[in-house]
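For reference, data05.txt is printed below; it contains compact mmCIF, C-alpha atoms.
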```
# COMPACT_ATOMS: atom_id res chain seq x y z
CA MET A 8 27.27 -14.79 -31.83
CA PRO A 9 30.42 -13.79 -33.77
CA ARG A 10 30.88 -15.37 -37.17
CA LEU A 11 34.14 -17.11 -36.19
CA LEU A 12 32.51 -19.09 -33.37
CA ARG A 13 29.35 -20.20 -35.25
CA GLY A 14 30.92 -23.40 -36.58
CA PHE A 15 32.39 -24.53 -33.23
CA PRO A 16 30.37 -26.99 -31.18
CA ILE A 17 29.59 -25.86 -27.63
CA SER A 18 31.65 -28.67 -26.11
CA ALA A 19 34.73 -27.46 -27.99
CA LEU A 20 34.17 -23.92 -26.69
CA ALA A 21 33.82 -25.24 -23.13
CA ALA A 22 37.03 -27.25 -23.50
CA LEU A 23 38.88 -24.16 -24.76
CA LEU A 24 37.63 -22.14 -21.82
CA LEU A 25 38.69 -24.82 -19.34
CA LEU A 26 42.13 -25.14 -20.88
CA SER A 27 42.67 -21.41 -20.86
CA ALA A 28 41.64 -21.25 -17.19
CA CYS A 29 44.07 -23.97 -16.09
CA THR A 30 47.04 -22.78 -14.11
CA PRO A 31 50.03 -24.99 -13.35
CA ALA A 32 50.19 -26.11 -9.71
CA HIS A 33 53.39 -24.19 -9.00
CA GLN A 34 51.65 -20.98 -10.08
CA ARG A 35 48.67 -21.16 -7.72
CA ALA A 36 48.26 -21.23 -3.97
CA SER A 37 47.62 -24.64 -2.44
CA TRP A 38 46.02 -23.14 0.70
CA ARG A 39 47.69 -25.90 2.67
CA ILE A 40 47.24 -25.29 6.42
CA PHE A 41 49.33 -27.05 9.05
CA PRO A 42 50.82 -26.48 12.53
CA LEU A 43 54.34 -25.05 12.38
CA GLN A 44 55.92 -24.89 15.83
CA ARG A 45 57.97 -21.91 16.99
CA HIS A 46 58.98 -22.78 20.58
CA GLN A 47 56.38 -25.28 21.76
CA PRO A 48 53.61 -27.35 20.18
CA HIS A 49 50.56 -25.41 18.94
CA ASP A 50 52.24 -21.96 18.97
CA GLY A 51 52.34 -21.47 15.19
CA LEU A 52 50.23 -22.11 12.10
CA ALA A 53 51.43 -22.16 8.48
CA VAL A 54 49.12 -21.06 5.68
CA VAL A 55 50.33 -21.49 2.07
CA ASN A 56 48.47 -18.63 0.38
CA GLN A 57 50.79 -17.97 -2.58
CA PRO A 58 52.33 -19.98 -5.41
CA ASP A 59 55.53 -21.99 -4.93
CA GLY A 60 54.87 -22.69 -1.24
CA TYR A 61 55.06 -19.10 0.00
CA GLY A 62 52.65 -17.97 2.66
CA LEU A 63 52.17 -16.94 6.27
CA HIS A 64 53.58 -18.29 9.50
CA ILE A 65 51.06 -17.03 12.04
CA TRP A 66 52.45 -16.83 15.55
CA LEU A 67 49.90 -17.91 18.14
CA GLU A 68 49.76 -16.33 21.58
CA THR A 69 47.39 -16.65 24.51
CA ASP A 70 45.82 -14.01 26.70
CA THR A 71 45.44 -15.08 30.34
CA ARG A 72 45.09 -11.63 31.90
CA LYS A 73 41.51 -12.38 32.95
CA ARG A 74 41.66 -14.82 35.85
CA GLY A 75 40.49 -18.32 34.93
CA VAL A 76 40.10 -17.53 31.22
CA CYS A 77 42.44 -18.30 28.33
CA ARG A 78 41.74 -16.77 24.92
CA PRO A 79 43.66 -15.83 21.76
CA ARG A 80 45.92 -12.81 21.62
CA TRP A 81 46.03 -11.80 17.95
CA LEU A 82 49.33 -10.80 16.37
CA PRO A 83 48.47 -9.65 12.81
CA ASP A 84 52.11 -9.26 11.78
CA ALA A 85 52.81 -12.78 10.56
CA THR A 86 56.18 -13.92 9.27
CA ARG A 87 56.81 -14.96 5.67
CA LEU A 88 56.56 -18.72 5.10
CA PHE A 89 58.96 -20.41 2.67
CA ASN A 90 58.82 -23.96 1.28
CA GLY A 91 55.30 -24.46 2.63
CA ASN A 92 54.60 -27.27 0.16
CA GLY A 93 57.98 -28.91 0.79
CA SER A 94 59.39 -31.16 3.45
CA VAL A 95 61.15 -28.48 5.55
CA PRO A 96 59.06 -25.28 5.76
CA PHE A 97 60.58 -22.27 7.52
CA SER A 98 59.82 -18.60 8.03
CA SER A 99 61.77 -15.37 7.88
CA GLY A 100 60.90 -11.69 7.62
CA LEU A 101 57.39 -10.26 7.64
CA ALA A 102 54.33 -10.94 5.54
CA THR A 103 51.89 -8.13 4.79
CA ARG A 104 48.86 -7.40 6.91
CA PRO A 105 46.49 -7.57 3.91
CA GLU A 106 47.66 -11.18 3.43
CA PHE A 107 46.90 -11.90 7.09
CA PHE A 108 43.41 -10.39 6.76
CA ALA A 109 42.74 -12.35 3.54
CA ALA A 110 43.69 -15.57 5.33
CA MET A 111 41.40 -14.66 8.26
CA ASP A 112 38.49 -14.42 5.81
CA ARG A 113 38.77 -18.17 5.14
CA ARG A 114 36.73 -20.49 7.37
CA ASP A 115 39.29 -23.33 7.11
CA VAL A 116 42.06 -21.04 8.40
CA ARG A 117 39.93 -19.80 11.31
CA ASP A 118 38.95 -23.38 12.21
CA ALA A 119 42.61 -24.46 12.26
CA LEU A 120 43.52 -21.41 14.36
CA ARG A 121 40.76 -22.24 16.81
CA ARG A 122 41.98 -25.84 17.23
CA GLU A 123 45.62 -24.85 17.69
CA LEU A 124 44.86 -21.99 20.09
CA GLU A 125 42.58 -24.15 22.20
CA ALA A 126 45.35 -26.75 22.44
CA LEU A 127 47.90 -24.04 23.28
CA CYS A 128 45.66 -22.75 26.07
CA GLY A 129 45.37 -26.31 27.34
CA VAL A 130 49.15 -26.44 27.65
CA ARG A 131 49.74 -22.94 29.04
CA ALA A 132 46.72 -22.59 31.32
CA PRO A 133 45.21 -26.04 31.85
CA ARG A 134 42.85 -24.96 34.63
CA SER A 135 41.49 -21.97 32.72
CA ARG A 136 38.32 -21.91 30.67
CA TRP A 137 38.85 -21.65 26.90
CA GLU A 138 37.19 -18.63 25.28
CA TRP A 139 37.34 -18.07 21.51
CA ARG A 140 37.71 -14.54 20.17
CA GLU A 141 37.43 -13.95 16.41
CA PRO A 142 40.61 -12.71 14.71
CA PRO A 143 40.76 -9.23 13.23
CA ARG A 144 39.77 -9.15 9.57
CA ARG A 145 40.46 -5.48 8.83
CA GLU A 146 43.09 -2.99 9.91
CA ASP A 147 40.59 -1.00 12.02
CA GLU A 148 39.85 -4.13 14.11
CA VAL A 149 43.48 -4.50 15.24
CA LYS A 150 43.98 -3.46 18.83
CA ALA A 151 47.45 -2.48 19.95
CA GLU A 152 48.36 -4.94 22.67
CA ARG A 153 50.20 -3.59 25.68
CA LEU A 154 52.57 -6.30 26.72
CA PRO A 155 53.01 -6.09 30.50
CA LEU A 156 56.57 -7.41 30.61
CA LEU A 157 57.74 -4.52 28.47
CA GLU A 158 56.29 -1.98 30.90
CA GLU A 159 57.94 -3.14 34.10
CA LYS A 160 60.28 -0.57 35.55
CA ASP A 161 63.17 -2.93 36.25
CA LEU A 162 63.62 -4.22 32.70
CA LEU A 163 65.47 -1.20 31.38
CA SER A 164 67.55 0.69 33.90
CA ASP A 165 68.34 4.38 33.66
CA PRO A 166 71.92 4.53 32.28
CA LYS A 167 72.82 7.54 34.45
CA LYS A 168 71.80 5.72 37.62
CA VAL A 169 73.75 2.63 36.55
CA ARG A 170 76.87 4.76 36.00
CA GLN A 171 76.42 6.39 39.44
CA GLN A 172 76.03 2.99 41.09
CA GLU A 173 79.14 1.68 39.35
CA ASP A 174 81.15 4.74 40.41
CA ALA A 175 79.93 4.42 44.00
CA LEU A 176 80.83 0.72 44.21
CA ALA A 177 84.36 0.86 42.93
CA PRO A 178 86.00 4.25 43.10
CA ILE A 179 89.35 3.69 41.45
CA PRO A 180 91.86 6.45 41.96
CA PRO A 181 93.78 7.49 38.88
CA GLN A 182 97.14 5.78 38.69
CA GLU A 183 100.30 6.99 37.10
CA GLU A 184 102.00 4.85 34.53
CA PRO A 185 105.48 3.62 35.51
CA PRO A 186 108.37 5.13 33.51
CA ARG A 187 109.77 2.96 30.73
```
Could you render the structure as structure tokens?
Amino acid sequence: MPRLLRGFPISALAALLLLSACTPAHQRASWRIFPLQRHQPHDGLAVVNQPDGYGLHIWLETDTRKRGVCRPRWLPDATRLFNGNGSVPFSSGLATRPEFFAAMDRRDVRDALRRELEALCGVRAPRSRWEWREPPRREDEVKAERLPLLEEKDLLSDPKKVRQQEDALAPIPPQEEPPR
């Protein structure tokens, strides 16, 4: 034991260690977890994983492609949560994927996600059976979701065909301007 510490009682050393390990509340994450609605109840979850109320706003989606089954559709690109410890939390921009994966490693976050997603499935597909699927916890577990609405042919029309249709509907002959 170093000479300097020989005269200190053990309780004083323990108190010094505890005091040096203390961090003010505004400088540590509260890990507060609560529902934060986007468009309808149960479609978002807030996780305060950083100091000063910053964190993740995880958007919750359901997958009902399999007939009679509703399960989570994981979107690992969460938005940045602001004022998560305050009275009016909101989100804007993107959080990082490593933050999302770190949150998914926590049992309390996964339990809250499970409750909210089961409730969301109950609203969106009440006659379907609820089926839990674990969230991705690493980048290599993320599967690129093909969203069917974005693949339908009639969403984005070919601009050349639209121009041809417009020209065919209303052929306007060129007109001369009257003299002034």
Report the distance between atom CA of A:Arg144 and atom CA of A:Val116 in Å, rounded to one decimal place. 12.2 Å
Please measure the separation of atom CA of A:Arg121 and atom CA of A:Leu43, giving the value in Å to one decimal.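 Computing it gives 14.6 Å between the two atoms.
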Give me the residues near A:Gly60 as a ChimeraX atom specification, where near means some atom within 7 Å (using only C-alpha atoms) and where sequence neighbours in that chain fewer than 4 positions away do not count. /A:55,89-92
So that I can see what lies close to A:Met111, please list as a PyMOL selection string the residues with an atom at most 10 Å from it, counting only C-alpha atoms and leaving out residues fewer than 2 positions away in the same chain. chain A and resi 83+105-109+113-118+120+141-145
I'd like the neighbourhood of A:Arg78 as a ChimeraX atom specification, where a residue qualifies if any of its atoms comes within 12 Å (using all atoms listed in the file), though same-chain residues fewer than 4 positions away should be ignored. /A:67-74,120-129,131-132,135-142
List every protein, DNA or RNA residue that has an atom no more than 10 Å from (51.7, -23.6, 8.6) in the file's coordinate frame, counting all atoms listed in the file, and report them as a list in words.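 Residues found, by chain and rising number: Trp38, Arg39, Ile40, Phe41, Pro42, Leu43, Gln44, Gly51, Leu52, Ala53, Val54, Val55, Gly62, Leu63, His64, Ile65, Trp66, Leu88, Phe89, Gly91, Asn92, Pro96, Phe97, Ser98, Val116 and Ala119 of chain A.
A straight line drawn from atom CA of A:Thr103 to atom CA of A:Pro48 is 24.7 Å long.
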Judged by all atoms listed in the file, the minimum distance to A:Ala36 among A:Val149, A:Tyr61, A:Ala177, A:Cys77 is found for A:Tyr61
I'd like to know which of A:Ser37, A:Trp81, A:Glu152, A:His46 is closest to A:Gly93, using all atoms listed in the file.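 Among A:Ser37, A:Trp81, A:Glu152, A:His46, it is A:Ser37 that comes nearest to A:Gly93.
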